[in-house]
$ cat my_file32.tsv   # TSV, C-alpha atoms
chain	number	residue	atom	x	y	z
L	398	MET	CA	-64.02	-41.57	25.94
L	399	LYS	CA	-62.32	-38.52	27.39
L	400	VAL	CA	-59.36	-40.55	28.55
L	401	CYS	CA	-59.06	-42.08	25.15
L	402	GLN	CA	-59.04	-38.65	23.49
L	403	ALA	CA	-56.47	-37.32	25.91
L	404	GLU	CA	-54.25	-40.29	25.21
L	405	SER	CA	-54.48	-39.90	21.48
L	406	ILE	CA	-53.68	-36.21	21.74
L	407	SER	CA	-50.62	-36.83	23.84
L	408	LEU	CA	-49.49	-39.56	21.47
L	409	HIS	CA	-50.04	-37.19	18.58
L	410	HIS	CA	-48.00	-34.52	20.33
L	411	TYR	CA	-45.33	-37.03	21.18
L	412	LEU	CA	-45.03	-38.10	17.55
L	413	GLN	CA	-45.03	-34.50	16.41
L	414	GLY	CA	-42.26	-33.69	18.88
L	415	TYR	CA	-40.33	-36.75	17.79
L	416	THR	CA	-40.44	-35.93	14.07
L	417	TYR	CA	-39.59	-32.34	14.95
L	418	GLN	CA	-36.52	-33.48	16.84
L	419	MET	CA	-35.54	-35.78	14.00
L	420	LEU	CA	-35.89	-33.02	11.42
L	421	LYS	CA	-33.97	-30.63	13.63
L	422	LYS	CA	-31.17	-33.19	13.89
L	423	LEU	CA	-31.12	-33.75	10.14
L	424	LYS	CA	-31.34	-30.05	9.33
L	425	ILE	CA	-27.71	-29.34	10.15
L	426	TYR	CA	-26.57	-32.17	7.85
L	427	PHE	CA	-28.74	-30.82	5.07
L	428	GLU	CA	-27.31	-27.34	5.61
L	429	LEU	CA	-23.74	-28.67	5.63
L	430	PHE	CA	-24.36	-30.56	2.43
L	431	SER	CA	-26.08	-27.71	0.60
L	432	VAL	CA	-23.50	-25.08	1.62
L	433	PHE	CA	-20.58	-27.21	0.45
L	434	PHE	CA	-22.48	-28.32	-2.66
L	435	LYS	CA	-22.84	-24.64	-3.53
L	436	ILE	CA	-19.15	-24.11	-2.85
L	437	GLY	CA	-18.19	-27.09	-5.00
L	438	ALA	CA	-20.48	-26.03	-7.83
L	439	PHE	CA	-19.16	-22.49	-8.16
L	440	THR	CA	-15.44	-22.86	-7.76
L	441	PHE	CA	-13.50	-22.16	-10.87
L	442	GLY	CA	-9.73	-21.95	-10.94
L	443	GLY	CA	-8.78	-24.26	-8.09
L	444	GLY	CA	-9.07	-24.26	-4.33
L	445	TRP	CA	-7.85	-20.73	-3.71
L	446	ALA	CA	-10.76	-19.25	-5.64
L	447	MET	CA	-13.02	-21.15	-3.27
L	448	ILE	CA	-11.76	-19.28	-0.25
L	449	SER	CA	-13.83	-16.15	-0.69
L	450	ILE	CA	-16.96	-18.26	-1.24
L	451	ILE	CA	-16.24	-20.45	1.78
L	452	GLU	CA	-15.51	-17.37	3.88
L	453	LYS	CA	-18.77	-15.73	2.86
L	454	GLU	CA	-20.88	-18.85	3.49
L	455	VAL	CA	-19.21	-20.65	6.39
L	456	VAL	CA	-17.79	-17.71	8.34
L	457	GLY	CA	-20.12	-14.88	7.35
L	458	LYS	CA	-23.57	-16.35	6.80
L	459	LYS	CA	-23.64	-19.51	8.89
L	460	ASN	CA	-21.11	-18.47	11.52
L	461	TRP	CA	-19.93	-22.07	11.81
L	462	ILE	CA	-16.32	-21.01	12.38
L	463	SER	CA	-14.86	-17.66	13.41
L	464	LYS	CA	-12.62	-15.48	11.22
L	465	GLU	CA	-9.56	-16.37	13.27
L	466	GLU	CA	-10.35	-20.08	13.24
L	467	PHE	CA	-10.84	-19.90	9.48
L	468	VAL	CA	-7.18	-18.92	9.01
L	469	ASP	CA	-6.16	-21.82	11.27
L	470	ALA	CA	-8.35	-24.19	9.27
L	471	LEU	CA	-6.68	-22.94	6.10
L	472	ALA	CA	-3.27	-23.51	7.68
L	473	ILE	CA	-4.11	-27.11	8.60
L	474	SER	CA	-5.68	-27.78	5.20
L	475	GLN	CA	-2.65	-26.47	3.41
L	476	SER	CA	-0.15	-28.27	5.67
L	477	LEU	CA	-1.63	-31.68	4.86
L	478	PRO	CA	-1.69	-33.39	1.50
L	479	GLY	CA	-4.84	-33.42	-0.57
L	480	ILE	CA	-7.28	-31.01	-2.11
L	481	LEU	CA	-7.58	-27.71	-0.27
L	482	ALA	CA	-11.33	-27.31	-0.67
L	483	VAL	CA	-11.99	-30.90	0.39
L	484	ASN	CA	-9.74	-30.46	3.41
L	485	ILE	CA	-11.60	-27.34	4.56
L	486	SER	CA	-14.94	-29.10	4.18
L	487	ILE	CA	-13.61	-31.99	6.28
L	488	TYR	CA	-12.49	-29.52	8.95
L	489	THR	CA	-15.85	-27.73	9.06
L	490	GLY	CA	-17.93	-30.91	8.95
L	491	ASN	CA	-15.85	-32.47	11.71
L	492	LYS	CA	-16.21	-29.39	13.87
L	493	LEU	CA	-20.00	-29.32	13.57
L	494	ARG	CA	-20.92	-33.01	13.58
L	495	SER	CA	-17.74	-35.09	13.90
L	496	LEU	CA	-17.19	-37.96	11.42
L	497	LYS	CA	-20.69	-37.89	9.93
L	498	GLY	CA	-20.46	-34.15	9.41
L	499	ALA	CA	-17.10	-34.53	7.70
L	500	ILE	CA	-18.49	-37.16	5.32
L	501	VAL	CA	-21.55	-35.08	4.46
L	502	ALA	CA	-19.50	-31.90	3.85
L	503	THR	CA	-16.97	-33.77	1.69
L	504	LEU	CA	-19.73	-35.32	-0.41
L	505	GLY	CA	-21.20	-31.86	-0.89
L	506	THR	CA	-17.89	-30.47	-2.16
L	507	VAL	CA	-17.04	-33.41	-4.41
L	508	LEU	CA	-20.42	-34.23	-5.98
L	509	PRO	CA	-20.89	-31.17	-8.25
L	510	SER	CA	-17.57	-31.61	-10.05
L	511	PHE	CA	-17.94	-35.40	-10.05
L	512	MET	CA	-21.32	-35.23	-11.81
L	513	MET	CA	-20.23	-32.46	-14.15
L	514	ILE	CA	-17.03	-34.22	-15.27
L	515	LEU	CA	-18.82	-37.53	-15.60
L	516	ALA	CA	-21.41	-35.91	-17.84
L	517	ILE	CA	-18.65	-34.35	-19.93
L	518	ALA	CA	-16.77	-37.64	-20.16
L	519	ILE	CA	-19.91	-39.44	-21.26
L	520	PHE	CA	-21.55	-36.89	-23.56
L	521	PHE	CA	-19.47	-34.03	-24.87
L	522	THR	CA	-15.75	-34.25	-24.62
L	523	ARG	CA	-15.13	-31.26	-26.83
L	524	ILE	CA	-17.49	-28.68	-25.34
L	525	TYR	CA	-14.62	-26.37	-24.45
L	526	HIS	CA	-13.92	-25.50	-28.07
L	527	ASP	CA	-17.24	-23.71	-28.46
L	528	PRO	CA	-16.43	-19.96	-28.79
L	529	ASN	CA	-19.39	-19.07	-26.57
L	530	VAL	CA	-18.05	-21.25	-23.79
L	531	VAL	CA	-14.59	-19.79	-24.33
L	532	ALA	CA	-16.09	-16.27	-24.10
L	533	VAL	CA	-17.87	-17.03	-20.82
L	534	PHE	CA	-14.62	-18.28	-19.31
L	535	ASN	CA	-12.63	-15.36	-20.67
L	536	GLY	CA	-14.93	-13.27	-18.50
L	537	ILE	CA	-14.86	-15.55	-15.45
L	538	ARG	CA	-11.08	-16.03	-15.22
L	539	PRO	CA	-10.11	-12.40	-14.44
L	540	ALA	CA	-12.99	-12.22	-11.93
L	541	VAL	CA	-11.69	-15.37	-10.25
L	542	VAL	CA	-8.31	-13.69	-9.79
L	543	ALA	CA	-10.15	-10.87	-7.98
L	544	LEU	CA	-11.89	-13.48	-5.82
L	545	ILE	CA	-8.46	-14.68	-4.72
L	546	ILE	CA	-7.16	-11.15	-4.01
L	547	VAL	CA	-10.10	-10.37	-1.70
L	548	PRO	CA	-9.24	-12.99	0.96
L	549	VAL	CA	-5.61	-11.77	1.00
L	550	PHE	CA	-6.94	-8.70	2.82
L	551	SER	CA	-9.50	-10.43	5.02
L	552	THR	CA	-7.09	-13.16	6.16
L	553	ALA	CA	-4.39	-10.52	6.75
L	554	LYS	CA	-6.76	-8.95	9.25
L	555	SER	CA	-7.67	-12.24	10.95
L	556	ALA	CA	-4.02	-13.37	11.00
L	557	LYS	CA	-3.17	-10.17	12.91
L	558	ILE	CA	-0.53	-8.94	10.49
L	559	ASP	CA	1.42	-6.10	12.11
L	560	LYS	CA	4.83	-4.45	11.77
L	561	THR	CA	6.60	-7.39	13.40
L	562	ASN	CA	5.35	-10.08	11.01
L	563	PHE	CA	4.28	-8.31	7.80
L	564	TRP	CA	7.44	-9.58	6.08
L	565	ILE	CA	6.37	-13.24	6.39
L	566	PRO	CA	3.54	-13.12	3.81
L	567	ILE	CA	5.59	-10.88	1.49
L	568	VAL	CA	8.68	-13.09	1.52
L	569	GLY	CA	6.53	-16.23	1.29
L	570	ALA	CA	4.53	-14.97	-1.68
L	571	LEU	CA	7.66	-13.81	-3.54
L	572	LEU	CA	9.49	-17.09	-2.94
L	573	ILE	CA	6.56	-19.08	-4.34
L	574	TRP	CA	5.77	-16.73	-7.19
L	575	LEU	CA	9.24	-15.74	-8.41
L	576	LEU	CA	11.43	-18.68	-7.44
L	577	GLY	CA	8.84	-21.44	-7.72
L	578	VAL	CA	9.40	-22.68	-4.17
L	579	SER	CA	6.80	-25.28	-3.16
L	580	PRO	CA	4.27	-23.86	-0.65
L	581	ILE	CA	4.90	-26.81	1.65
L	582	TYR	CA	8.44	-25.51	2.40
L	583	ILE	CA	7.02	-22.08	3.23
L	584	ILE	CA	4.62	-23.78	5.62
L	585	PHE	CA	7.34	-25.80	7.35
L	586	GLY	CA	9.56	-22.71	7.51
L	587	ALA	CA	6.82	-20.56	9.02
L	588	ALA	CA	5.90	-23.21	11.60
L	589	ALA	CA	9.57	-23.58	12.58
L	590	PHE	CA	9.87	-19.79	12.81
L	591	GLY	CA	6.88	-19.66	15.17
L	592	VAL	CA	8.42	-22.28	17.46
L	593	ILE	CA	11.88	-20.65	17.45
L	594	ARG	CA	10.41	-17.24	18.25
L	595	MET	CA	8.49	-18.68	21.19
L	596	LEU	CA	11.63	-20.37	22.53
L	597	VAL	CA	13.67	-17.16	22.18
L	598	ARG	CA	10.98	-15.06	23.84
L	599	SER	CA	10.39	-17.43	26.74
L	600	ARG	CA	14.07	-17.53	27.58
C	393	MET	CA	-7.61	-55.44	-11.40
C	394	ILE	CA	-7.71	-52.09	-13.16
C	395	TYR	CA	-9.91	-50.84	-10.32
C	396	LEU	CA	-7.28	-51.80	-7.76
C	397	GLN	CA	-4.61	-50.05	-9.79
C	398	LEU	CA	-6.78	-46.95	-10.15
C	399	PHE	CA	-7.41	-46.93	-6.43
C	400	TRP	CA	-3.72	-47.30	-5.60
C	401	VAL	CA	-2.52	-44.62	-8.03
C	402	TYR	CA	-5.09	-42.06	-6.89
C	403	PHE	CA	-4.53	-42.95	-3.25
C	404	LYS	CA	-0.84	-42.09	-3.78
C	405	ILE	CA	-1.75	-38.86	-5.55
C	406	GLY	CA	-4.00	-37.94	-2.63
C	407	LEU	CA	-1.31	-38.83	-0.11
C	408	PHE	CA	1.60	-36.98	-1.71
C	409	GLY	CA	-0.27	-34.14	-3.40
C	410	PHE	CA	0.83	-31.19	-1.31
C	411	GLY	CA	0.20	-27.59	-2.16
C	412	GLY	CA	-3.10	-27.69	-3.99
C	413	GLY	CA	-4.30	-28.26	-7.52
C	414	TYR	CA	-1.53	-27.13	-9.78
C	415	ALA	CA	1.24	-28.68	-7.71
C	416	MET	CA	-0.79	-31.90	-7.86
C	417	LEU	CA	-0.94	-31.77	-11.65
C	418	SER	CA	2.69	-32.73	-12.19
C	419	LEU	CA	2.26	-35.71	-9.87
C	420	ILE	CA	-0.88	-36.80	-11.74
C	421	GLN	CA	0.89	-36.43	-15.06
C	422	HIS	CA	3.84	-38.49	-13.83
C	423	GLU	CA	1.65	-41.36	-12.63
C	424	VAL	CA	-1.07	-41.44	-15.25
C	425	VAL	CA	0.75	-40.39	-18.43
C	426	GLU	CA	4.37	-41.39	-17.95
C	427	LYS	CA	4.29	-44.36	-15.62
C	428	HIS	CA	1.03	-46.15	-16.42
C	429	GLN	CA	0.41	-44.63	-19.86
C	430	TRP	CA	-3.32	-44.74	-19.30
C	431	ILE	CA	-3.80	-41.59	-21.35
C	432	THR	CA	-1.68	-39.58	-23.79
C	433	ASP	CA	-0.15	-36.15	-23.21
C	434	ALA	CA	-2.77	-34.61	-25.49
C	435	GLN	CA	-5.58	-36.22	-23.50
C	436	PHE	CA	-3.99	-34.91	-20.31
C	437	THR	CA	-3.97	-31.37	-21.71
C	438	ASP	CA	-7.64	-31.86	-22.58
C	439	ILE	CA	-8.40	-32.80	-18.98
C	440	VAL	CA	-6.61	-29.72	-17.66
C	441	ALA	CA	-8.59	-27.56	-20.09
C	442	ILE	CA	-11.86	-29.18	-19.04
C	443	SER	CA	-10.92	-28.75	-15.38
C	444	GLN	CA	-10.38	-25.06	-15.92
C	445	MET	CA	-13.79	-24.74	-17.51
C	446	THR	CA	-15.78	-26.75	-15.02
C	447	PRO	CA	-16.23	-26.04	-11.35
C	448	GLY	CA	-14.47	-28.00	-8.67
C	449	PRO	CA	-10.94	-28.83	-7.64
C	450	VAL	CA	-8.69	-30.03	-10.45
C	451	GLY	CA	-7.68	-33.07	-8.38
C	452	ILE	CA	-11.28	-34.28	-8.27
C	453	ASN	CA	-11.90	-33.43	-11.91
C	454	SER	CA	-8.92	-35.42	-13.17
C	455	ALA	CA	-9.74	-38.40	-10.93
C	456	THR	CA	-13.32	-38.53	-12.20
C	457	TYR	CA	-12.35	-38.15	-15.85
C	458	ILE	CA	-9.35	-40.47	-15.90
C	459	GLY	CA	-11.18	-43.05	-13.79
C	460	TYR	CA	-13.91	-43.14	-16.40
C	461	ILE	CA	-11.57	-43.52	-19.38
C	462	VAL	CA	-9.15	-45.99	-17.81
C	463	SER	CA	-11.86	-48.37	-16.60
C	464	GLY	CA	-13.27	-48.64	-20.13
C	465	ASN	CA	-16.01	-46.02	-19.70
C	466	SER	CA	-17.34	-47.15	-16.35
C	467	VAL	CA	-18.87	-44.90	-13.71
C	468	TRP	CA	-17.29	-47.18	-11.10
C	469	GLY	CA	-13.84	-46.19	-12.33
C	470	SER	CA	-14.76	-42.55	-11.72
C	471	ALA	CA	-16.16	-43.26	-8.30
C	472	ILE	CA	-13.18	-45.35	-7.16
C	473	ALA	CA	-10.55	-42.86	-8.35
C	474	THR	CA	-12.42	-39.94	-6.78
C	475	PHE	CA	-12.89	-41.81	-3.50
C	476	ALA	CA	-9.22	-42.84	-3.46
C	477	VAL	CA	-7.90	-39.32	-4.01
C	478	CYS	CA	-9.97	-38.02	-1.08
C	479	LEU	CA	-9.31	-40.86	1.35
C	480	PRO	CA	-5.76	-40.05	2.60
C	481	SER	CA	-6.52	-36.41	3.31
C	482	PHE	CA	-9.84	-37.37	4.87
C	483	VAL	CA	-8.13	-39.56	7.47
C	484	LEU	CA	-5.26	-37.11	8.05
C	485	MET	CA	-7.50	-34.04	8.27
C	486	LEU	CA	-9.79	-35.73	10.81
C	487	LEU	CA	-6.86	-36.78	13.00
C	488	VAL	CA	-4.97	-33.49	12.81
C	489	SER	CA	-7.92	-31.13	13.17
C	490	ARG	CA	-9.15	-33.11	16.21
C	491	MET	CA	-5.67	-32.92	17.74
C	492	VAL	CA	-5.48	-29.18	17.09
C	493	LEU	CA	-8.96	-28.55	18.55
C	494	LYS	CA	-7.94	-30.57	21.60
C	495	TYR	CA	-4.54	-28.95	22.16
C	496	LYS	CA	-5.48	-25.41	21.15
C	497	GLU	CA	-4.12	-23.99	24.39
C	498	ASN	CA	-0.84	-25.89	24.21
C	499	ARG	CA	2.04	-23.43	23.79
C	500	TRP	CA	3.80	-25.47	21.11
C	501	VAL	CA	0.65	-25.70	18.98
C	502	ASN	CA	0.09	-22.00	19.58
C	503	ALA	CA	3.64	-21.15	18.52
C	504	ILE	CA	3.29	-23.15	15.32
C	505	PHE	CA	0.05	-21.36	14.43
C	506	THR	CA	1.40	-17.86	15.15
C	507	GLY	CA	4.05	-18.66	12.55
C	508	LEU	CA	1.64	-20.28	10.11
C	509	ARG	CA	-1.12	-17.64	10.09
C	510	PRO	CA	0.89	-14.87	8.36
C	511	ALA	CA	2.34	-17.41	5.93
C	512	ILE	CA	-1.17	-18.42	4.79
C	513	VAL	CA	-1.77	-14.80	3.75
C	514	GLY	CA	1.38	-15.06	1.62
C	515	LEU	CA	0.22	-18.34	0.10
C	516	ILE	CA	-3.08	-16.84	-1.03
C	517	ALA	CA	-1.24	-13.81	-2.43
C	518	ALA	CA	1.10	-16.16	-4.34
C	519	ALA	CA	-1.90	-17.99	-5.82
C	520	ALA	CA	-3.33	-14.67	-7.04
C	521	LEU	CA	0.05	-13.53	-8.43
C	522	SER	CA	0.64	-16.76	-10.33
C	523	LEU	CA	-2.76	-16.38	-12.05
C	524	MET	CA	-1.90	-12.87	-13.24
C	525	ASN	CA	-0.52	-14.13	-16.55
C	526	GLY	CA	-1.09	-13.46	-20.21
C	527	GLN	CA	-3.55	-16.30	-20.50
C	528	ASN	CA	-5.95	-14.81	-17.96
C	529	PHE	CA	-5.21	-11.18	-18.86
C	530	PRO	CA	-4.79	-10.97	-22.62
C	531	ASP	CA	-6.13	-7.40	-22.91
C	532	ILE	CA	-7.20	-4.28	-21.01
C	533	LYS	CA	-10.80	-5.54	-20.81
C	534	SER	CA	-9.82	-8.42	-18.58
C	535	ILE	CA	-7.84	-6.12	-16.25
C	536	ILE	CA	-10.90	-3.87	-15.90
C	537	MET	CA	-13.02	-6.96	-15.21
C	538	CYS	CA	-10.65	-8.04	-12.44
C	539	ALA	CA	-10.57	-4.57	-10.85
C	540	ALA	CA	-14.35	-4.22	-11.06
C	541	ALA	CA	-14.89	-7.68	-9.56
C	542	PHE	CA	-12.51	-6.83	-6.72
C	543	VAL	CA	-14.39	-3.63	-5.87
C	544	ALA	CA	-17.76	-5.39	-6.19
C	545	VAL	CA	-16.86	-8.25	-3.84
C	546	LYS	CA	-14.63	-6.40	-1.37
C	547	PHE	CA	-16.46	-3.11	-0.97
C	548	LEU	CA	-19.97	-3.58	-2.36
C	549	LYS	CA	-20.19	-7.01	-0.65
C	550	ILE	CA	-21.49	-8.76	-3.77
C	551	HIS	CA	-21.67	-12.51	-3.15
C	552	PRO	CA	-18.72	-14.28	-4.89
C	553	ILE	CA	-21.06	-16.77	-6.57
C	554	LEU	CA	-23.18	-13.94	-7.99
C	555	MET	CA	-19.94	-12.28	-9.14
C	556	ILE	CA	-18.93	-15.43	-11.07
C	557	VAL	CA	-22.33	-15.55	-12.75
C	558	ILE	CA	-22.17	-11.84	-13.67
C	559	ALA	CA	-18.61	-12.24	-15.00
C	560	GLY	CA	-19.73	-15.19	-17.11
C	561	VAL	CA	-22.61	-13.19	-18.61
C	562	ILE	CA	-20.34	-10.20	-19.35
C	563	GLY	CA	-17.82	-12.62	-20.85
C	564	PHE	CA	-20.48	-14.17	-23.09
C	565	PHE	CA	-21.30	-10.78	-24.61
C	566	PHE	CA	-17.96	-8.95	-24.56
C	567	PHE	CA	-15.12	-11.49	-24.31
C	568	LYS	CA	-15.48	-13.45	-27.53
C	569	PRO	CA	-12.19	-15.11	-28.56
C	570	VAL	CA	-10.29	-13.00	-31.07
C	571	GLN	CA	-8.70	-15.89	-32.91
C	572	PRO	CA	-11.05	-18.64	-34.00
C	573	VAL	CA	-10.22	-21.99	-32.45
C	574	SER	CA	-9.31	-24.28	-35.32
C	575	GLU	CA	-11.39	-27.28	-34.42
C	576	PRO	CA	-13.97	-28.78	-36.77
C	577	ILE	CA	-16.77	-28.50	-34.24
C	578	VAL	CA	-16.04	-24.81	-33.86
C	579	GLU	CA	-16.52	-24.31	-37.56
C	580	VAL	CA	-19.95	-25.87	-37.30
C	581	VAL	CA	-20.91	-23.70	-34.34
C	582	ARG	CA	-19.61	-20.53	-35.97
C	583	SER	CA	-21.43	-21.03	-39.23
C	584	PHE	CA	-24.54	-21.67	-37.17
C	585	HIS	CA	-24.09	-18.29	-35.51
C	586	PHE	CA	-23.44	-16.52	-38.76
C	587	GLY	CA	-26.63	-18.06	-40.01
C	588	LEU	CA	-28.51	-16.61	-37.06
C	589	GLU	CA	-26.96	-13.21	-37.59
C	590	GLY	CA	-28.02	-13.33	-41.21
C	591	LEU	CA	-31.57	-14.04	-40.13
C	592	GLY	CA	-31.55	-11.24	-37.56

$ encode --input "my_file32.tsv" --output "structure tokens"
Amino acid sequence: MKVCQAESISLHHYLQGYTYQMLKKLKIYFELFSVFFKIGAFTFGGGWAMISIIEKEVVGKKNWISKEEFVDALAISQSLPGILAVNISIYTGNKLRSLKGAIVATLGTVLPSFMMILAIAIFFTRIYHDPNVVAVFNGIRPAVVALIIVPVFSTAKSAKIDKTNFWIPIVGALLIWLLGVSPIYIIFGAAAFGVIRMLVRSR
Amino acid sequence: MIYLQLFWVYFKIGLFGFGGGYAMLSLIQHEVVEKHQWITDAQFTDIVAISQMTPGPVGINSATYIGYIVSGNSVWGSAIATFAVCLPSFVLMLLVSRMVLKYKENRWVNAIFTGLRPAIVGLIAAAALSLMNGQNFPDIKSIIMCAAAFVAVKFLKIHPILMIVIAGVIGFFFFKPVQPVSEPIVEVVRSFHFGLEGLG
């Protein structure tokens, strides 16, 4: 009788431990999904507006990537084709849980806008003419611009901007803004500059 | 057949769409409006307007919407176009970020990133500058909103999502459009509101 009880207890504990391990394993996927779902659901005004939200959640709260690595992740995401926000979620997901993590994070980012647009396409194509909706977005748009200015300062810190390289962001921003140069040329130019400077210095 | 075409067109858009949402727009317009004539210019403008008013990247939004229309109102059209636009960058991002994580200490990779990092700051600044236009800032109210949001997020550490919600609520009460939008549905909505005001 005693033996039997002992066995059942150990089996019970074993099962408990097993489910615990399983849940622990799944927890990170759930977190990845929910963080990027939140990011996807609250990004208005394109990928750049997402940066302050991603920084707050992924770098600040969850500590999944460091401030410095975040700038590198941005650099890779912007150097490759595709949607900036999706690219950053692929980077983060891959870093935490390889391919599966990347898939889960991408689904999280894409699903909110997918469902929202699908609902609009099916039900109300002309919602955006409602003056109340227009009013809400008249308020959100200037705030979104502020959300893009904030990471200019935080990434400047992480990118270690000093008196030797402060001209790079200024020239880059002016070329894109005033002359309409495509950001991809700025990226290639900056990468080439980095390589040339290393070669000159190591000589 | 139309699904294959949708897949191919959005795969191309995903593969050659450098530089984020708005750079992607001209490519989408070229493929979907001019080349394949799946939708009209007016419909395309509608999609851009909807994208600006719904969350999410404009690339995803347009893929979902156009996929739905082009496939004769099928959810599968949406799903295929959205999947196709993500696929190229998914493969490339996985390969490149794994390479970079592996060769982080390599001096060539390091040199490239010391050049890239400051440029990224400039890219974000350019995105902010290009949004500082008359459409987003029609009056002094919107400039105050932007400044207040900046202080709230940067110094008071308000969460950006909370800031968007607050800005939306403030907009609802204080940022009503000055000129009425001349669309029939708007007339209906406005008379409804006047009716409520009359009751109040």

$ closest_residue --input "my_file32.tsv" --among "L:Asn491, L:Ser486, L:Ser551, L:Asn535" --to "L:Thr506" --atoms "all atoms listed in the file"
L:Ser486

$ atom_distance --input "my_file32.tsv" --atom1 "atom CA of C:Arg490" --atom2 "atom CA of L:Arg598"
28.1 Å

$ closest_residue --input "my_file32.tsv" --among "L:Ile500, L:Ile545, L:Ala472, L:Met419" --to "L:Ala587" --atoms "all atoms listed in the file"
L:Ala472

$ residues_around --input "my_file32.tsv" --residues "stretch 449-465 of chain L" --least-positions-apart "3" --cutoff "9 Å" --atoms "all atoms listed in the file" --output "VMD selection string"
(chain L and resid 432 to 433 435 to 436 439 to 440 445 to 446 468 to 470 482 485 489 492 to 493 544 to 548 551 to 552 554 to 557) or (chain C and resid 551 to 553)

$ closest_residue --input "my_file32.tsv" --among "C:Glu423, C:Glu497, C:Asp433, C:Asp438" --to "chain L" --atoms "only C-alpha atoms"
C:Asp438

$ residues_around --input "my_file32.tsv" --residues "L:Arg494" --least-positions-apart "3" --cutoff "12 Å" --atoms "all atoms listed in the file" --output "ChimeraX atom specification"
/L:422-430,461,486-491,497-502 /C:486
